[in-house]
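Participant: Following this line is input_5.txt, made up of compact mmCIF, N, CA and C atoms:
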```
# COMPACT_ATOMS: atom_id res chain seq x y z
N MET L 3 39.73 151.05 149.03
CA MET L 3 38.60 151.19 149.94
C MET L 3 37.44 150.32 149.41
N GLN L 4 36.82 149.61 150.30
CA GLN L 4 35.71 148.74 149.94
C GLN L 4 34.46 149.56 149.61
N ILE L 5 33.67 149.05 148.69
CA ILE L 5 32.45 149.74 148.29
C ILE L 5 31.50 149.91 149.48
N GLU L 6 31.43 148.92 150.36
CA GLU L 6 30.54 149.02 151.51
C GLU L 6 30.90 150.23 152.37
N HIS L 7 32.18 150.48 152.54
CA HIS L 7 32.64 151.63 153.32
C HIS L 7 32.28 152.93 152.60
N GLN L 8 32.43 152.95 151.29
CA GLN L 8 32.08 154.15 150.51
C GLN L 8 30.58 154.43 150.61
N ILE L 9 29.78 153.38 150.60
CA ILE L 9 28.32 153.56 150.74
C ILE L 9 28.00 154.18 152.10
N LYS L 10 28.65 153.73 153.15
CA LYS L 10 28.42 154.28 154.49
C LYS L 10 28.84 155.75 154.56
N ILE L 11 29.96 156.08 153.94
CA ILE L 11 30.42 157.47 153.92
C ILE L 11 29.40 158.35 153.21
N CYS L 12 28.94 157.89 152.06
CA CYS L 12 27.94 158.66 151.30
C CYS L 12 26.66 158.85 152.11
N SER L 13 26.23 157.78 152.77
CA SER L 13 25.02 157.85 153.58
C SER L 13 25.17 158.87 154.71
N HIS L 14 26.32 158.83 155.37
CA HIS L 14 26.60 159.77 156.47
C HIS L 14 26.52 161.22 155.98
N HIS L 15 27.18 161.51 154.86
CA HIS L 15 27.20 162.88 154.34
C HIS L 15 25.82 163.30 153.84
N TYR L 16 25.10 162.37 153.22
CA TYR L 16 23.74 162.68 152.78
C TYR L 16 22.87 163.08 153.97
N GLN L 17 22.91 162.28 155.04
CA GLN L 17 22.10 162.57 156.22
C GLN L 17 22.48 163.91 156.83
N LYS L 18 23.78 164.20 156.86
CA LYS L 18 24.26 165.46 157.42
C LYS L 18 23.71 166.65 156.64
N TRP L 19 23.85 166.62 155.32
CA TRP L 19 23.41 167.75 154.50
C TRP L 19 21.89 167.86 154.47
N LYS L 20 21.20 166.72 154.51
CA LYS L 20 19.73 166.75 154.55
C LYS L 20 19.26 167.40 155.85
N SER L 21 19.88 167.06 156.95
CA SER L 21 19.52 167.67 158.23
C SER L 21 19.77 169.17 158.23
N LEU L 22 20.91 169.57 157.67
CA LEU L 22 21.20 171.00 157.59
C LEU L 22 20.18 171.72 156.71
N ALA L 23 19.77 171.07 155.62
CA ALA L 23 18.77 171.69 154.73
C ALA L 23 17.44 171.86 155.46
N LEU L 24 17.07 170.87 156.23
CA LEU L 24 15.80 170.95 156.95
C LEU L 24 15.81 172.00 158.06
N SER L 25 16.98 172.32 158.56
CA SER L 25 17.07 173.32 159.63
C SER L 25 17.59 174.68 159.13
N ALA L 26 17.72 174.84 157.83
CA ALA L 26 18.24 176.09 157.27
C ALA L 26 17.29 177.25 157.56
N HIS L 27 17.89 178.45 157.63
CA HIS L 27 17.11 179.64 157.95
C HIS L 27 16.63 180.38 156.71
N THR L 28 17.25 180.13 155.58
CA THR L 28 16.82 180.79 154.34
C THR L 28 16.66 179.75 153.24
N ILE L 29 15.89 180.11 152.23
CA ILE L 29 15.68 179.21 151.10
C ILE L 29 16.99 179.00 150.34
N GLU L 30 17.79 180.05 150.21
CA GLU L 30 19.07 179.93 149.50
C GLU L 30 19.99 178.95 150.22
N GLN L 31 20.03 179.08 151.53
CA GLN L 31 20.86 178.18 152.33
C GLN L 31 20.35 176.75 152.21
N ALA L 32 19.05 176.56 152.29
CA ALA L 32 18.46 175.22 152.16
C ALA L 32 18.78 174.63 150.78
N GLY L 33 18.69 175.45 149.75
CA GLY L 33 19.00 174.99 148.40
C GLY L 33 20.44 174.53 148.27
N ASN L 34 21.34 175.30 148.86
CA ASN L 34 22.76 174.94 148.83
C ASN L 34 23.00 173.61 149.55
N PHE L 35 22.37 173.45 150.70
CA PHE L 35 22.52 172.21 151.47
C PHE L 35 21.89 171.02 150.73
N LEU L 36 20.73 171.25 150.12
CA LEU L 36 20.08 170.17 149.38
C LEU L 36 20.90 169.74 148.17
N GLU L 37 21.54 170.69 147.52
CA GLU L 37 22.40 170.34 146.38
C GLU L 37 23.50 169.38 146.83
N LYS L 38 24.09 169.65 147.97
CA LYS L 38 25.13 168.77 148.52
C LYS L 38 24.54 167.42 148.94
N ALA L 39 23.36 167.44 149.54
CA ALA L 39 22.71 166.19 149.95
C ALA L 39 22.42 165.31 148.74
N PHE L 40 21.90 165.91 147.68
CA PHE L 40 21.58 165.14 146.48
C PHE L 40 22.84 164.59 145.81
N PHE L 41 23.94 165.35 145.89
CA PHE L 41 25.21 164.84 145.35
C PHE L 41 25.58 163.53 146.05
N TRP L 42 25.52 163.54 147.39
CA TRP L 42 25.89 162.34 148.15
C TRP L 42 24.90 161.21 147.94
N LEU L 43 23.63 161.52 147.79
CA LEU L 43 22.63 160.49 147.53
C LEU L 43 22.87 159.85 146.16
N GLU L 44 23.18 160.67 145.17
CA GLU L 44 23.47 160.15 143.83
C GLU L 44 24.71 159.25 143.87
N LEU L 45 25.73 159.69 144.57
CA LEU L 45 26.96 158.91 144.69
C LEU L 45 26.69 157.59 145.42
N GLN L 46 25.90 157.64 146.48
CA GLN L 46 25.55 156.44 147.22
C GLN L 46 24.82 155.45 146.31
N THR L 47 23.89 155.94 145.53
CA THR L 47 23.14 155.08 144.62
C THR L 47 24.07 154.42 143.61
N ALA L 48 25.02 155.17 143.10
CA ALA L 48 25.98 154.62 142.15
C ALA L 48 26.82 153.51 142.80
N PHE L 49 27.27 153.74 144.02
CA PHE L 49 28.06 152.72 144.70
C PHE L 49 27.22 151.48 145.03
N ILE L 50 25.97 151.67 145.40
CA ILE L 50 25.09 150.53 145.67
C ILE L 50 24.89 149.71 144.39
N THR L 51 24.72 150.40 143.29
CA THR L 51 24.56 149.72 142.00
C THR L 51 25.82 148.93 141.66
N LEU L 52 26.98 149.55 141.83
CA LEU L 52 28.23 148.84 141.56
C LEU L 52 28.40 147.65 142.48
N PHE L 53 28.06 147.81 143.74
CA PHE L 53 28.16 146.71 144.70
C PHE L 53 27.28 145.54 144.27
N THR L 54 26.06 145.85 143.85
CA THR L 54 25.13 144.81 143.42
C THR L 54 25.66 144.08 142.19
N ILE L 55 26.16 144.83 141.23
CA ILE L 55 26.72 144.22 140.02
C ILE L 55 27.93 143.37 140.37
N GLU L 56 28.78 143.90 141.23
CA GLU L 56 29.99 143.19 141.63
C GLU L 56 29.64 141.87 142.33
N GLN L 57 28.62 141.89 143.15
CA GLN L 57 28.21 140.68 143.87
C GLN L 57 27.61 139.64 142.93
N SER L 58 26.91 140.10 141.90
CA SER L 58 26.23 139.15 141.02
C SER L 58 27.08 138.69 139.84
N LYS L 59 27.96 139.56 139.33
CA LYS L 59 28.74 139.21 138.14
C LYS L 59 30.20 139.58 138.26
N GLY L 60 30.70 139.66 139.47
CA GLY L 60 32.06 140.11 139.71
C GLY L 60 33.15 139.25 139.13
N ASN L 61 32.86 137.99 138.83
CA ASN L 61 33.88 137.09 138.28
C ASN L 61 34.07 137.24 136.78
N ASP L 62 33.15 137.90 136.13
CA ASP L 62 33.24 138.13 134.68
C ASP L 62 34.28 139.23 134.43
N LEU L 63 35.27 138.93 133.60
CA LEU L 63 36.37 139.88 133.35
C LEU L 63 35.87 141.19 132.75
N LYS L 64 34.98 141.13 131.78
CA LYS L 64 34.47 142.36 131.16
C LYS L 64 33.70 143.21 132.17
N VAL L 65 32.92 142.54 133.01
CA VAL L 65 32.16 143.26 134.03
C VAL L 65 33.12 143.90 135.03
N SER L 66 34.15 143.16 135.43
CA SER L 66 35.13 143.70 136.37
C SER L 66 35.83 144.94 135.80
N GLN L 67 36.15 144.90 134.52
CA GLN L 67 36.78 146.05 133.88
C GLN L 67 35.83 147.25 133.87
N LYS L 68 34.56 147.01 133.60
CA LYS L 68 33.59 148.10 133.59
C LYS L 68 33.38 148.67 135.00
N ILE L 69 33.44 147.80 136.00
CA ILE L 69 33.31 148.27 137.39
C ILE L 69 34.48 149.16 137.75
N ILE L 70 35.68 148.76 137.34
CA ILE L 70 36.86 149.59 137.61
C ILE L 70 36.73 150.94 136.92
N LEU L 71 36.26 150.94 135.69
CA LEU L 71 36.05 152.20 134.96
C LEU L 71 35.01 153.07 135.67
N ALA L 72 33.94 152.45 136.13
CA ALA L 72 32.90 153.21 136.84
C ALA L 72 33.45 153.79 138.15
N LYS L 73 34.25 153.02 138.87
CA LYS L 73 34.85 153.53 140.10
C LYS L 73 35.78 154.70 139.81
N THR L 74 36.50 154.62 138.70
CA THR L 74 37.37 155.73 138.28
C THR L 74 36.54 156.98 138.01
N ASN L 75 35.44 156.81 137.33
CA ASN L 75 34.56 157.95 137.03
C ASN L 75 33.98 158.56 138.32
N LEU L 76 33.64 157.70 139.27
CA LEU L 76 33.12 158.20 140.55
C LEU L 76 34.21 158.94 141.32
N SER L 77 35.44 158.45 141.22
CA SER L 77 36.56 159.14 141.87
C SER L 77 36.75 160.52 141.27
N LYS L 78 36.61 160.62 139.96
CA LYS L 78 36.73 161.93 139.29
C LYS L 78 35.60 162.85 139.77
N LYS L 79 34.42 162.29 139.90
CA LYS L 79 33.29 163.09 140.36
C LYS L 79 33.55 163.62 141.78
N LEU L 80 34.13 162.79 142.63
CA LEU L 80 34.48 163.22 143.98
C LEU L 80 35.56 164.31 143.96
N THR L 81 36.53 164.17 143.06
CA THR L 81 37.58 165.17 142.93
C THR L 81 36.99 166.51 142.49
N ASP L 82 36.10 166.47 141.51
CA ASP L 82 35.44 167.69 141.05
C ASP L 82 34.64 168.34 142.18
N TYR L 83 33.97 167.52 142.97
CA TYR L 83 33.18 168.01 144.09
C TYR L 83 34.10 168.68 145.12
N ALA L 84 35.22 168.04 145.42
CA ALA L 84 36.18 168.60 146.38
C ALA L 84 36.72 169.94 145.90
N GLU L 85 37.02 170.04 144.60
CA GLU L 85 37.48 171.31 144.05
C GLU L 85 36.42 172.40 144.17
N LYS L 86 35.17 172.02 143.94
CA LYS L 86 34.07 172.98 144.07
C LYS L 86 33.94 173.47 145.51
N ILE L 87 34.05 172.56 146.45
CA ILE L 87 33.96 172.93 147.87
C ILE L 87 35.12 173.83 148.26
N LEU L 88 36.31 173.52 147.78
CA LEU L 88 37.47 174.38 148.07
C LEU L 88 37.28 175.78 147.51
N ASP L 89 36.69 175.88 146.31
CA ASP L 89 36.42 177.19 145.73
C ASP L 89 35.41 177.97 146.58
N GLU L 90 34.41 177.25 147.13
CA GLU L 90 33.41 177.90 147.98
C GLU L 90 34.06 178.43 149.27
N ILE L 91 35.02 177.70 149.78
CA ILE L 91 35.67 178.11 151.02
C ILE L 91 36.51 179.37 150.81
N LYS L 92 37.12 179.48 149.65
CA LYS L 92 38.01 180.64 149.38
C LYS L 92 37.26 181.90 149.33
```
Take the structure in this file and express it as C-alpha cells.

Facilitator:
Amino acid sequence: MQIEHQIKICSHHYQKWKSLALSAHTIEQAGNFLEKAFFWLELQTAFITLFTIEQSKGNDLKVSQKIILAKTNLSKKLTDYAEKILDEIK
C-alpha cells in the first residue's frame, strides 16, 4: 500500500473520530473518541514524515532500510490498535 493512501485513510479516520468527539453526549464518551482521533492523527503525522523522507532521500540504501523499519513499527502499532478495538467490542 502506498504511503499516500495510508495518509488518506488516517485523515479519514481522524476526521470521523474528531466529529464524534465534538458531538458526544458525555465527557467520558468524548474522551474515548478523542483518544481514537489522536491515535489516527499521530499515525498520519508519522506517515507524512516517512513520505517526506522517502521523497527527499529515498534512493539512499540506509534511509530506505530505516523507512522499511519505521513502516514495520507503524504496522505493529496498527495491529495493537486493532486488538484494543476488538477487546472493546467484546

Participant: List the spatial neighbours of Gln8 (chain L) as a list in words - criterion: any atom at most 7 Å away, only N, CA and C atoms, same-chain residues fewer than 4 positions off excluded.

Facilitator: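 The filter keeps Met3, Gln4, Cys12, Ser13, Gln46 and Phe49 of chain L.
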
Participant: For the residues in that selection, give me N, CA and C atoms as a short mmCIF file (atom, residue, chain, number, x, y, z; two decimals), keeping the file's coordinate frame.

Facilitator:
```
data_model
loop_
_atom_site.label_atom_id
_atom_site.label_comp_id
_atom_site.auth_asym_id
_atom_site.auth_seq_id
_atom_site.Cartn_x
_atom_site.Cartn_y
_atom_site.Cartn_z
N MET L 3 39.73 151.05 149.03
CA MET L 3 38.60 151.19 149.94
C MET L 3 37.44 150.32 149.41
N GLN L 4 36.82 149.61 150.30
CA GLN L 4 35.71 148.74 149.94
C GLN L 4 34.46 149.56 149.61
N CYS L 12 28.94 157.89 152.06
CA CYS L 12 27.94 158.66 151.30
C CYS L 12 26.66 158.85 152.11
N SER L 13 26.23 157.78 152.77
CA SER L 13 25.02 157.85 153.58
C SER L 13 25.17 158.87 154.71
N GLN L 46 25.90 157.64 146.48
CA GLN L 46 25.55 156.44 147.22
C GLN L 46 24.82 155.45 146.31
N PHE L 49 27.27 153.74 144.02
CA PHE L 49 28.06 152.72 144.70
C PHE L 49 27.22 151.48 145.03
#
```

Participant: Tell me which protein, DNA and RNA residues are within 12 Å of Thr51 (chain L), counting only C-alpha atoms, leaving out same-chain ones fewer than 5 positions away, and put them as a compact mmCIF listing (two decimals) with N, CA and C atoms, in the frame of the given file.

Facilitator:
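To be explicit, this is the file written out as around22.txt:
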```txt
# COMPACT_ATOMS: atom_id res chain seq x y z
N ILE L 5 33.67 149.05 148.69
CA ILE L 5 32.45 149.74 148.29
C ILE L 5 31.50 149.91 149.48
N GLU L 6 31.43 148.92 150.36
CA GLU L 6 30.54 149.02 151.51
C GLU L 6 30.90 150.23 152.37
N ILE L 9 29.78 153.38 150.60
CA ILE L 9 28.32 153.56 150.74
C ILE L 9 28.00 154.18 152.10
N GLU L 44 23.18 160.67 145.17
CA GLU L 44 23.47 160.15 143.83
C GLU L 44 24.71 159.25 143.87
N LEU L 45 25.73 159.69 144.57
CA LEU L 45 26.96 158.91 144.69
C LEU L 45 26.69 157.59 145.42
N GLN L 46 25.90 157.64 146.48
CA GLN L 46 25.55 156.44 147.22
C GLN L 46 24.82 155.45 146.31
N GLU L 56 28.78 143.90 141.23
CA GLU L 56 29.99 143.19 141.63
C GLU L 56 29.64 141.87 142.33
N GLN L 57 28.62 141.89 143.15
CA GLN L 57 28.21 140.68 143.87
C GLN L 57 27.61 139.64 142.93
N SER L 58 26.91 140.10 141.90
CA SER L 58 26.23 139.15 141.02
C SER L 58 27.08 138.69 139.84
N LYS L 59 27.96 139.56 139.33
CA LYS L 59 28.74 139.21 138.14
C LYS L 59 30.20 139.58 138.26
N ILE L 69 33.44 147.80 136.00
CA ILE L 69 33.31 148.27 137.39
C ILE L 69 34.48 149.16 137.75
N ALA L 72 33.94 152.45 136.13
CA ALA L 72 32.90 153.21 136.84
C ALA L 72 33.45 153.79 138.15
N LYS L 73 34.25 153.02 138.87
CA LYS L 73 34.85 153.53 140.10
C LYS L 73 35.78 154.70 139.81
```

Participant: Could you please determine the separation between CA of Leu52 (chain L) and CA of His7 (chain L) in Å, to one decimal place?

Facilitator: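 Computing the Euclidean distance for CA of Leu52 (chain L) and CA of His7 (chain L) yields 12.9 Å.
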
Participant: Rounded to one decimal place, report the CA of Tyr16 (chain L)-CA of Leu43 (chain L) distance in Å.

Facilitator: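 So the answer is 5.8 Å.
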
Participant: With only N, CA and C atoms as the atoms that count, which of L:Gly33, L:Ala39, L:Ile87, L:Thr28 lies nearest to His15 (chain L)?

Facilitator: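 The closest residue to His15 (chain L) is L:Ala39.
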
Participant: Quick one, how far is CA of Thr47 (chain L) from CA of Lys64 (chain L)?

Facilitator: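 According to the coordinates, CA of Thr47 (chain L) and CA of Lys64 (chain L) are separated by 21.7 Å.
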
Participant: Could you tell me which of L:Ile50, L:Leu80, L:Lys18, L:Glu85 comes closest to Phe35 (chain L) if we count only N, CA and C atoms?

Facilitator: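 Smallest separation from Phe35 (chain L) among the options: L:Lys18.
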